[in-house]
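For reference, target29.txt (compact mmCIF, C-alpha atoms and all ligand atoms):
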```txt
# COMPACT_ATOMS: atom_id res chain seq x y z
CA MET B 1 15.75 -8.85 -3.85
CA LYS B 2 15.55 -12.20 -5.56
CA GLU B 3 17.23 -12.72 -8.91
CA ASP B 4 13.95 -13.16 -10.74
CA GLY B 5 12.72 -9.78 -9.56
CA VAL B 6 9.73 -11.15 -7.67
CA ILE B 7 8.89 -8.67 -4.91
CA LEU B 8 5.71 -10.29 -3.64
CA GLU B 9 4.96 -13.98 -3.84
CA VAL B 10 1.61 -15.32 -2.65
CA SER B 11 1.39 -19.13 -2.69
CA GLY B 12 -1.60 -21.18 -1.62
CA VAL B 13 -2.76 -18.48 0.78
CA SER B 14 -6.00 -18.89 2.68
CA LYS B 15 -7.42 -16.89 5.55
CA ILE B 16 -10.18 -18.17 7.78
CA TYR B 17 -11.32 -15.84 10.57
CA ASP B 18 -12.41 -17.41 13.85
CA ARG B 19 -12.23 -20.91 12.35
CA LYS B 20 -15.36 -20.37 10.28
CA TRP B 21 -15.32 -17.22 8.11
CA VAL B 22 -13.42 -17.98 4.93
CA ALA B 23 -12.05 -14.64 3.68
CA LEU B 24 -9.43 -15.93 1.21
CA ARG B 25 -9.09 -19.30 -0.44
CA ASP B 26 -5.93 -20.67 -2.04
CA LEU B 27 -4.57 -17.49 -3.63
CA ASN B 28 -1.60 -17.77 -5.97
CA PHE B 29 0.04 -14.81 -7.70
CA HIS B 30 3.15 -12.70 -7.67
CA VAL B 31 4.18 -9.14 -8.30
CA ARG B 32 7.49 -8.39 -9.96
CA ARG B 33 9.74 -5.42 -9.65
CA GLY B 34 8.25 -2.39 -11.39
CA GLU B 35 4.83 -3.97 -11.94
CA PHE B 36 1.51 -2.24 -11.34
CA VAL B 37 -1.21 -4.71 -10.38
CA LEU B 38 -4.82 -3.79 -9.74
CA LEU B 39 -6.70 -5.96 -7.27
CA VAL B 40 -10.40 -5.66 -8.01
CA GLY B 41 -13.31 -7.19 -6.18
CA SER B 42 -16.62 -6.21 -4.66
CA CYS B 43 -17.25 -5.49 -0.99
CA GLY B 44 -16.18 -8.39 1.20
CA ALA B 45 -14.18 -10.09 -1.57
CA GLY B 46 -11.08 -10.15 0.65
CA LYS B 47 -8.94 -7.26 -0.64
CA THR B 48 -8.23 -5.67 2.73
CA THR B 49 -7.63 -9.06 4.29
CA LEU B 50 -4.96 -9.77 1.69
CA MET B 51 -3.30 -6.41 2.36
CA ARG B 52 -3.29 -7.12 6.09
CA LEU B 53 -1.67 -10.50 5.52
CA ILE B 54 1.09 -8.89 3.47
CA THR B 55 1.85 -6.36 6.23
CA ARG B 56 1.49 -9.08 8.88
CA GLU B 57 -1.29 -7.30 10.75
CA GLU B 58 -2.95 -10.68 10.33
CA SER B 59 -1.46 -14.13 9.80
CA ALA B 60 -2.46 -16.44 6.97
CA THR B 61 -4.26 -19.62 7.97
CA ALA B 62 -2.47 -21.53 5.20
CA GLY B 63 0.07 -20.84 2.49
CA THR B 64 3.11 -18.61 2.18
CA ILE B 65 3.65 -14.92 1.54
CA ARG B 66 7.14 -13.75 0.67
CA VAL B 67 8.19 -10.14 0.41
CA ALA B 68 11.56 -9.72 -1.33
CA GLY B 69 12.08 -13.43 -0.78
CA GLU B 70 11.38 -13.39 2.96
CA ASP B 71 8.57 -15.50 4.41
CA VAL B 72 6.43 -13.14 6.49
CA SER B 73 4.87 -15.95 8.52
CA THR B 74 8.07 -16.74 10.40
CA MET B 75 8.87 -13.12 11.23
CA ASP B 76 9.32 -11.89 14.79
CA ARG B 77 8.43 -8.35 15.86
CA ARG B 78 11.69 -6.85 14.68
CA ASP B 79 11.41 -8.54 11.31
CA ILE B 80 7.86 -7.23 10.95
CA PHE B 81 9.06 -3.72 11.69
CA ARG B 82 11.73 -4.11 9.01
CA LEU B 83 9.14 -5.55 6.62
CA ARG B 84 6.86 -2.54 7.04
CA ARG B 85 9.75 -0.17 6.39
CA LYS B 86 10.17 -1.78 2.98
CA LEU B 87 6.51 -1.28 2.13
CA GLY B 88 4.67 1.94 1.37
CA LEU B 89 1.16 1.88 2.81
CA VAL B 90 -1.85 3.86 1.65
CA PHE B 91 -4.57 2.40 3.87
CA GLN B 92 -7.96 3.70 4.88
CA ASP B 93 -7.00 4.08 8.52
CA GLY B 94 -3.78 5.91 7.67
CA LYS B 95 -5.07 9.44 8.18
CA LEU B 96 -2.87 12.52 8.50
CA LEU B 97 -2.15 14.13 11.86
CA LYS B 98 -4.45 17.13 11.92
CA ASP B 99 -2.19 19.39 13.96
CA ARG B 100 0.92 18.89 11.82
CA THR B 101 1.78 20.41 8.49
CA THR B 102 2.14 18.46 5.29
CA PHE B 103 5.90 18.54 5.73
CA GLU B 104 5.75 17.45 9.38
CA ASN B 105 3.38 14.59 8.65
CA ILE B 106 5.84 13.04 6.23
CA ALA B 107 8.91 13.91 8.31
CA PHE B 108 7.27 12.28 11.34
CA ALA B 109 6.68 9.04 9.44
CA LEU B 110 10.30 9.02 8.28
CA LYS B 111 11.59 9.65 11.80
CA VAL B 112 9.61 6.70 13.12
CA THR B 113 11.28 4.42 10.60
CA GLY B 114 14.70 5.66 11.72
CA ALA B 115 15.64 7.90 8.79
CA ARG B 116 18.66 10.09 9.40
CA LYS B 117 17.88 13.67 10.35
CA LYS B 118 20.04 15.13 7.60
CA GLU B 119 18.15 13.22 4.93
CA ILE B 120 14.62 13.78 6.14
CA SER B 121 14.09 17.20 4.59
CA LYS B 122 15.40 16.06 1.22
CA LYS B 123 13.24 12.94 1.25
CA VAL B 124 10.11 14.86 2.26
CA MET B 125 10.50 17.41 -0.49
CA ARG B 126 11.29 14.77 -3.10
CA ALA B 127 8.10 12.89 -2.22
CA LEU B 128 6.01 16.07 -2.19
CA THR B 129 7.39 17.07 -5.57
CA MET B 130 6.40 13.67 -6.95
CA VAL B 131 2.78 14.21 -5.91
CA GLY B 132 2.78 17.85 -7.04
CA LEU B 133 2.40 19.42 -3.60
CA ALA B 134 5.80 20.89 -2.79
CA HIS B 135 4.17 24.33 -2.63
CA LYS B 136 1.79 23.17 0.11
CA SER B 137 4.41 21.81 2.48
CA SER B 138 3.48 24.22 5.28
CA CYS B 139 -0.30 23.71 5.08
CA LEU B 140 -2.22 21.83 7.73
CA PRO B 141 -4.45 18.96 6.49
CA GLY B 142 -7.53 21.11 7.14
CA GLN B 143 -6.24 23.62 4.59
CA LEU B 144 -6.06 20.98 1.86
CA SER B 145 -8.78 19.49 -0.32
CA ALA B 146 -9.65 15.81 0.11
CA GLY B 147 -7.72 14.94 -3.05
CA GLU B 148 -4.69 16.91 -1.85
CA GLN B 149 -4.81 15.21 1.53
CA GLN B 150 -4.76 11.86 -0.21
CA ARG B 151 -1.73 12.99 -2.23
CA VAL B 152 0.05 13.77 1.04
CA VAL B 153 -0.81 10.29 2.32
CA ILE B 154 0.69 8.89 -0.89
CA ALA B 155 3.79 11.10 -0.52
CA ARG B 156 4.20 9.81 3.03
CA ALA B 157 4.08 6.23 1.74
CA LEU B 158 6.65 7.03 -0.93
CA ALA B 159 9.13 8.99 1.13
CA ASN B 160 11.09 5.96 2.22
CA LYS B 161 11.41 4.59 -1.32
CA PRO B 162 9.42 1.41 -0.70
CA ILE B 163 10.04 -1.69 -2.80
CA LEU B 164 6.27 -2.13 -3.02
CA LEU B 165 3.45 0.34 -2.56
CA LEU B 166 0.25 -1.20 -1.15
CA ALA B 167 -2.82 0.95 -1.66
CA ASP B 168 -6.19 -0.13 -0.27
CA GLU B 169 -9.10 1.82 -1.78
CA PRO B 170 -6.97 4.95 -2.17
CA THR B 171 -9.80 6.72 -3.98
CA GLY B 172 -12.46 5.54 -1.51
CA ASN B 173 -14.01 8.86 -0.48
CA LEU B 174 -13.18 10.92 -3.55
CA ASP B 175 -15.39 11.85 -6.48
CA SER B 176 -14.70 10.27 -9.84
CA GLU B 177 -12.69 13.10 -11.36
CA VAL B 178 -10.38 13.37 -8.35
CA SER B 179 -10.16 9.56 -8.26
CA SER B 180 -8.92 9.34 -11.80
CA GLY B 181 -6.30 12.00 -10.99
CA ILE B 182 -5.14 9.86 -8.07
CA LEU B 183 -4.99 6.78 -10.30
CA ASP B 184 -2.91 8.77 -12.80
CA LEU B 185 -0.60 9.73 -9.97
CA PHE B 186 -0.07 6.05 -9.12
CA GLY B 187 0.67 5.48 -12.81
CA LYS B 188 3.36 8.16 -12.68
CA ILE B 189 4.85 6.74 -9.46
CA ASN B 190 4.96 3.34 -11.15
CA ARG B 191 6.72 4.76 -14.21
CA PHE B 192 9.40 6.05 -11.86
CA GLY B 193 9.98 2.42 -10.89
CA THR B 194 7.89 1.61 -7.79
CA ALA B 195 5.90 -1.62 -7.86
CA ILE B 196 2.27 -1.13 -6.83
CA LEU B 197 -0.55 -3.37 -5.65
CA LEU B 198 -3.75 -1.30 -5.61
CA ALA B 199 -7.06 -2.63 -4.32
CA THR B 200 -10.39 -1.19 -5.39
CA HIS B 201 -14.04 -2.20 -5.55
CA ASP B 202 -14.63 0.49 -8.17
CA ALA B 203 -15.15 -1.27 -11.48
CA ASN B 204 -15.29 2.09 -13.29
CA LEU B 205 -11.88 3.04 -12.02
CA ALA B 206 -10.57 -0.27 -13.32
CA LYS B 207 -11.99 0.34 -16.77
CA GLY B 208 -9.26 1.02 -19.32
CA PHE B 209 -6.56 0.25 -16.79
CA PRO B 210 -3.56 -0.75 -18.91
CA HIS B 211 -1.81 -2.95 -16.36
CA ARG B 212 -2.41 -6.40 -14.95
CA ARG B 213 -5.61 -7.04 -13.01
CA ILE B 214 -6.36 -9.66 -10.45
CA GLU B 215 -10.00 -10.20 -9.74
CA LEU B 216 -11.16 -11.49 -6.37
CA VAL B 217 -14.60 -13.05 -6.07
CA ASP B 218 -15.59 -14.37 -2.63
CA GLY B 219 -11.97 -14.70 -1.60
CA GLN B 220 -10.81 -16.50 -4.73
CA ILE B 221 -9.01 -15.34 -7.85
CA SER B 222 -11.50 -15.65 -10.67
N1 LIG O 301 -11.51 -9.40 11.73
C1 LIG O 301 -12.40 -10.13 11.06
N2 LIG O 301 -13.10 -11.12 11.67
C2 LIG O 301 -13.99 -11.87 10.99
N3 LIG O 301 -14.26 -11.74 9.69
C3 LIG O 301 -13.60 -10.76 9.03
C4 LIG O 301 -12.65 -9.91 9.67
N4 LIG O 301 -12.16 -9.05 8.74
C5 LIG O 301 -12.79 -9.34 7.59
N5 LIG O 301 -13.65 -10.37 7.75
C6 LIG O 301 -14.49 -10.98 6.70
O1 LIG O 301 -13.66 -11.34 5.62
C7 LIG O 301 -14.30 -11.08 4.38
C8 LIG O 301 -13.40 -10.19 3.53
O2 LIG O 301 -13.33 -8.90 4.12
P1 LIG O 301 -12.37 -7.77 3.54
O3 LIG O 301 -12.44 -6.63 4.48
O4 LIG O 301 -11.05 -8.36 3.30
O5 LIG O 301 -13.07 -7.43 2.15
P2 LIG O 301 -12.79 -6.25 1.13
O6 LIG O 301 -12.63 -6.87 -0.21
O7 LIG O 301 -11.66 -5.41 1.62
O8 LIG O 301 -14.15 -5.44 1.16
P3 LIG O 301 -14.43 -3.85 0.97
O9 LIG O 301 -14.48 -3.58 -0.52
O10 LIG O 301 -15.77 -3.67 1.60
O11 LIG O 301 -13.35 -3.10 1.66
C9 LIG O 301 -15.64 -10.46 4.72
O12 LIG O 301 -16.61 -11.46 4.64
C10 LIG O 301 -15.47 -9.99 6.14
O13 LIG O 301 -16.69 -10.03 6.84
MG MG O 302 -11.51 -3.39 2.08
```
Rewritten as structure tokens:
Amino acid sequence: MKEDGVILEVSGVSKIYDRKWVALRDLNFHVRRGEFVLLVGSCGAGKTTLMRLITREESATAGTIRVAGEDVSTMDRRDIFRLRRKLGLVFQDGKLLKDRTTFENIAFALKVTGARKKEISKKVMRALTMVGLAHKSSCLPGQLSAGEQQRVVIARALANKPILLLADEPTGNLDSEVSSGILDLFGKINRFGTAILLATHDANLAKGFPHRRIELVDGQIS
């Protein structure tokens, strides 16, 4: 961690797909330790693209992204693996394994990142307690409501104590009441000290949000 507590630094970042589709243009912002930043923008504004640049699923066309001081653009495969272990990801394609229990889903994710066997159970239950689902640890995803399933996805992202939680449309398929519960949960996670960057196109969700907002319009911060 850098002295100034900057966890994520985005400097002059642009992304052009296939040499013609400009998805992001000259973005500059940072996220500090313990901050909760909402990234708002309508469909196609570039939110998911930005998330994918941070995790290095895509490379920026120009500019620099640093996570905990490390430039992600110069990372090799091992560095990228280490980078992703530092991040908690709540992405739309990050569904639960249908044939594994709540507990096993989280334990599996921890195992993949090389967590020690002895610690896995403790970490799983701590994360489930945080999202209020410790009592559903032996349920299969099909036995959980959509909102509960999303809480398990969030617990899975939290289990490894990430330095930054990246959430891309975490309330995407949920109705508004369940969505506001999920947003409250992120607020609680943040109060426990985890920095969060949360992307949404839902202007209603963003209403009354007490933390910093970054607004993307056509790939630019407005
Ligand atoms: N792999 C790709 N190849 C070409 N263009 C892409 C690719 N991925 C995204 N884009 C384009 O980049 C722009 C930003 O897309 P992105 O998915 O980042 O938006 P978004 O803000 O996440 O939108 P949504 O709210 O719909 O999820 C869009 O114009 C999209 O068509
Ligand atoms: Mg998106």
Could you list, with a cut-off of 7 Å and counting only C-alpha atoms and all ligand atoms, the residues of chain B near ligand MG 302 (chain O), each shown with its nearest atom pair and the distance in Å rounded to one decimal, rows sorted by chain and ascending number, as JSON lines?
```
{"residue": "B:Cys43", "atom": "CA", "partner": "O:MG302", "partner_atom": "MG", "distance": 6.8}
{"residue": "B:Gly44", "atom": "CA", "partner": "O:MG302", "partner_atom": "MG", "distance": 6.9}
{"residue": "B:Gly46", "atom": "CA", "partner": "O:MG302", "partner_atom": "MG", "distance": 6.9}
{"residue": "B:Lys47", "atom": "CA", "partner": "O:MG302", "partner_atom": "MG", "distance": 5.4}
{"residue": "B:Thr48", "atom": "CA", "partner": "O:MG302", "partner_atom": "MG", "distance": 4.0}
{"residue": "B:Asp168", "atom": "CA", "partner": "O:MG302", "partner_atom": "MG", "distance": 6.7}
{"residue": "B:Glu169", "atom": "CA", "partner": "O:MG302", "partner_atom": "MG", "distance": 6.9}
```
* Straight-line distance linking atom C9 of ligand LIG 301 (chain O) with atom CA of Trp21 of chain B, stated in Å to one decimal ->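 Atom CA of Trp21 of chain B lies at a distance of 7.6 Å from atom C9 of ligand LIG 301 (chain O).
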* To do: Report the distance between atom CA of Lys122 of chain B and atom CA of Leu144 of chain B in Å, rounded to one decimal place.
  =>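 Going from atom CA of Lys122 of chain B over to atom CA of Leu144 of chain B covers 22.0 Å.
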* For Ser42 of chain B, which residue among B:Gly5, B:Gly219, B:Gly69, B:Gly208 is the nearest when counting all atoms listed in the file? ->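 Among B:Gly5, B:Gly219, B:Gly69, B:Gly208, it is B:Gly219 that comes nearest to Ser42 of chain B.
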* List all protein, DNA and RNA residues that have an atom no more than 12 Å from any atom of ligand LIG 301 (chain O), counting only C-alpha atoms and all ligand atoms, and report them as a VMD selection string. => chain B and resid 14 to 25 39 to 53 57 to 59 91 to 93 167 to 172 198 to 203 215 to 221
Return as AutoDock Vina command-line options the box centre and box size in Å, one decimal, for an axis-aligned box around all listed atoms of segment 190-202 of chain B padded by 3 Å per side.
```
--center_x -2.3 --center_y 1.3 --center_z -9.3 --size_x 30.6 --size_y 15.4 --size_z 15.9
```
* **Shortest interatomic distance to Thr64 of chain B - which of B:Lys117, B:Val10, B:Asn28, B:Thr101, counting only C-alpha atoms** =>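 Checking each candidate against Thr64 of chain B, we get B:Val10 as the closest.
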* Local residues around (-3.9, 9.0, -9.8), at most 12 Å away, using all atoms listed in the file, as a VMD selection string -> chain B and resid 130 to 132 147 to 148 150 to 151 154 167 169 to 171 174 176 to 190 198 205 to 206 209
* Interatomic distance, atom CA of Ala155 of chain B to atom CA of Ala127 of chain B (Å, one decimal) ->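 One can read the atom CA of Ala155 of chain B to atom CA of Ala127 of chain B distance as 5.0 Å.
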* **Among the residues B:Val153, B:Val13, B:Val31, B:Leu83, the one that comes closest to Thr194 of chain B [using only C-alpha atoms]** => B:Val31
* Of the listed residues B:Gly193, B:Gly63, B:Pro210, B:Pro162, that which approaches Val90 of chain B most closely, counting only C-alpha atoms ->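 With only C-alpha atoms as the atom set, the closest residue is B:Pro162.
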* Rank B:Thr55, B:Thr113, B:Ser138, B:Thr74 by their smallest atom-to-atom distance to Ala159 of chain B, using all atoms listed in the file, and report the top residue only. => B:Thr113
* Spatial neighbours of Phe29 of chain B, max dist 9 Å, only C-alpha atoms, sep filter under 2 positions, as a PyMOL selection string -> chain B and resi 8-12+27+31+214
* To do: Dump as a PyMOL selection string all residues having an atom at most 8 Å from (-4.0, 11.5, 6.6), computed in the file's coordinates with all atoms listed in the file.
  => chain B and resi 94-98+141+149-150+152-153
* Asked: For Arg33 of chain B, which residue among B:Arg213, B:Arg191, B:Arg100, B:Lys111 is the nearest when counting only C-alpha atoms?
  ->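 Closest residue, counting only C-alpha atoms: B:Arg191.
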Could you complete segment 160-177 of chain B so that it carries N, CA, C and O atoms, and give it back as a short mmCIF file (atom, residue, chain, number, x, y, z; two decimals), in the coordinates of the input?
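Dumped to part.cif:
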```cif
data_model
loop_
_atom_site.label_atom_id
_atom_site.label_comp_id
_atom_site.auth_asym_id
_atom_site.auth_seq_id
_atom_site.Cartn_x
_atom_site.Cartn_y
_atom_site.Cartn_z
N ASN B 160 10.02 6.89 1.86
CA ASN B 160 11.09 5.96 2.22
C ASN B 160 11.51 5.05 1.07
O ASN B 160 12.16 4.05 1.28
N LYS B 161 11.11 5.41 -0.14
CA LYS B 161 11.41 4.59 -1.32
C LYS B 161 11.08 3.11 -1.12
O LYS B 161 11.97 2.25 -1.08
N PRO B 162 9.81 2.79 -0.95
CA PRO B 162 9.42 1.41 -0.70
C PRO B 162 9.68 0.52 -1.92
O PRO B 162 9.65 1.02 -3.06
N ILE B 163 9.88 -0.77 -1.67
CA ILE B 163 10.04 -1.69 -2.80
C ILE B 163 8.67 -2.03 -3.38
O ILE B 163 8.56 -2.44 -4.52
N LEU B 164 7.64 -1.86 -2.56
CA LEU B 164 6.27 -2.13 -3.02
C LEU B 164 5.32 -1.18 -2.31
O LEU B 164 5.38 -1.02 -1.10
N LEU B 165 4.46 -0.56 -3.11
CA LEU B 165 3.45 0.34 -2.56
C LEU B 165 2.13 -0.43 -2.50
O LEU B 165 1.67 -0.96 -3.52
N LEU B 166 1.55 -0.53 -1.31
CA LEU B 166 0.25 -1.20 -1.15
C LEU B 166 -0.80 -0.13 -0.92
O LEU B 166 -0.70 0.65 0.03
N ALA B 167 -1.79 -0.07 -1.79
CA ALA B 167 -2.82 0.95 -1.66
C ALA B 167 -4.18 0.26 -1.58
O ALA B 167 -4.57 -0.47 -2.49
N ASP B 168 -4.88 0.49 -0.47
CA ASP B 168 -6.19 -0.13 -0.27
C ASP B 168 -7.28 0.92 -0.43
O ASP B 168 -7.39 1.82 0.41
N GLU B 169 -8.04 0.85 -1.47
CA GLU B 169 -9.10 1.82 -1.78
C GLU B 169 -8.59 3.26 -1.65
O GLU B 169 -9.18 4.08 -0.92
N PRO B 170 -7.53 3.61 -2.36
CA PRO B 170 -6.97 4.95 -2.17
C PRO B 170 -7.86 6.06 -2.70
O PRO B 170 -7.62 7.23 -2.42
N THR B 171 -8.90 5.69 -3.44
CA THR B 171 -9.80 6.72 -3.98
C THR B 171 -11.17 6.63 -3.30
O THR B 171 -12.13 7.24 -3.76
N GLY B 172 -11.21 5.87 -2.19
CA GLY B 172 -12.46 5.54 -1.51
C GLY B 172 -13.47 6.66 -1.35
O GLY B 172 -14.62 6.51 -1.72
N ASN B 173 -13.04 7.80 -0.79
CA ASN B 173 -14.01 8.86 -0.48
C ASN B 173 -13.98 10.01 -1.47
O ASN B 173 -14.48 11.09 -1.19
N LEU B 174 -13.36 9.80 -2.62
CA LEU B 174 -13.18 10.92 -3.55
C LEU B 174 -14.14 10.79 -4.73
O LEU B 174 -14.52 9.69 -5.12
N ASP B 175 -14.50 11.93 -5.32
CA ASP B 175 -15.39 11.85 -6.48
C ASP B 175 -14.62 11.33 -7.70
O ASP B 175 -13.40 11.19 -7.66
N SER B 176 -15.33 11.05 -8.78
CA SER B 176 -14.70 10.27 -9.84
C SER B 176 -13.58 11.03 -10.56
O SER B 176 -12.58 10.44 -10.95
N GLU B 177 -13.73 12.35 -10.67
CA GLU B 177 -12.69 13.10 -11.36
C GLU B 177 -11.39 13.11 -10.54
O GLU B 177 -10.30 12.88 -11.06
#
```
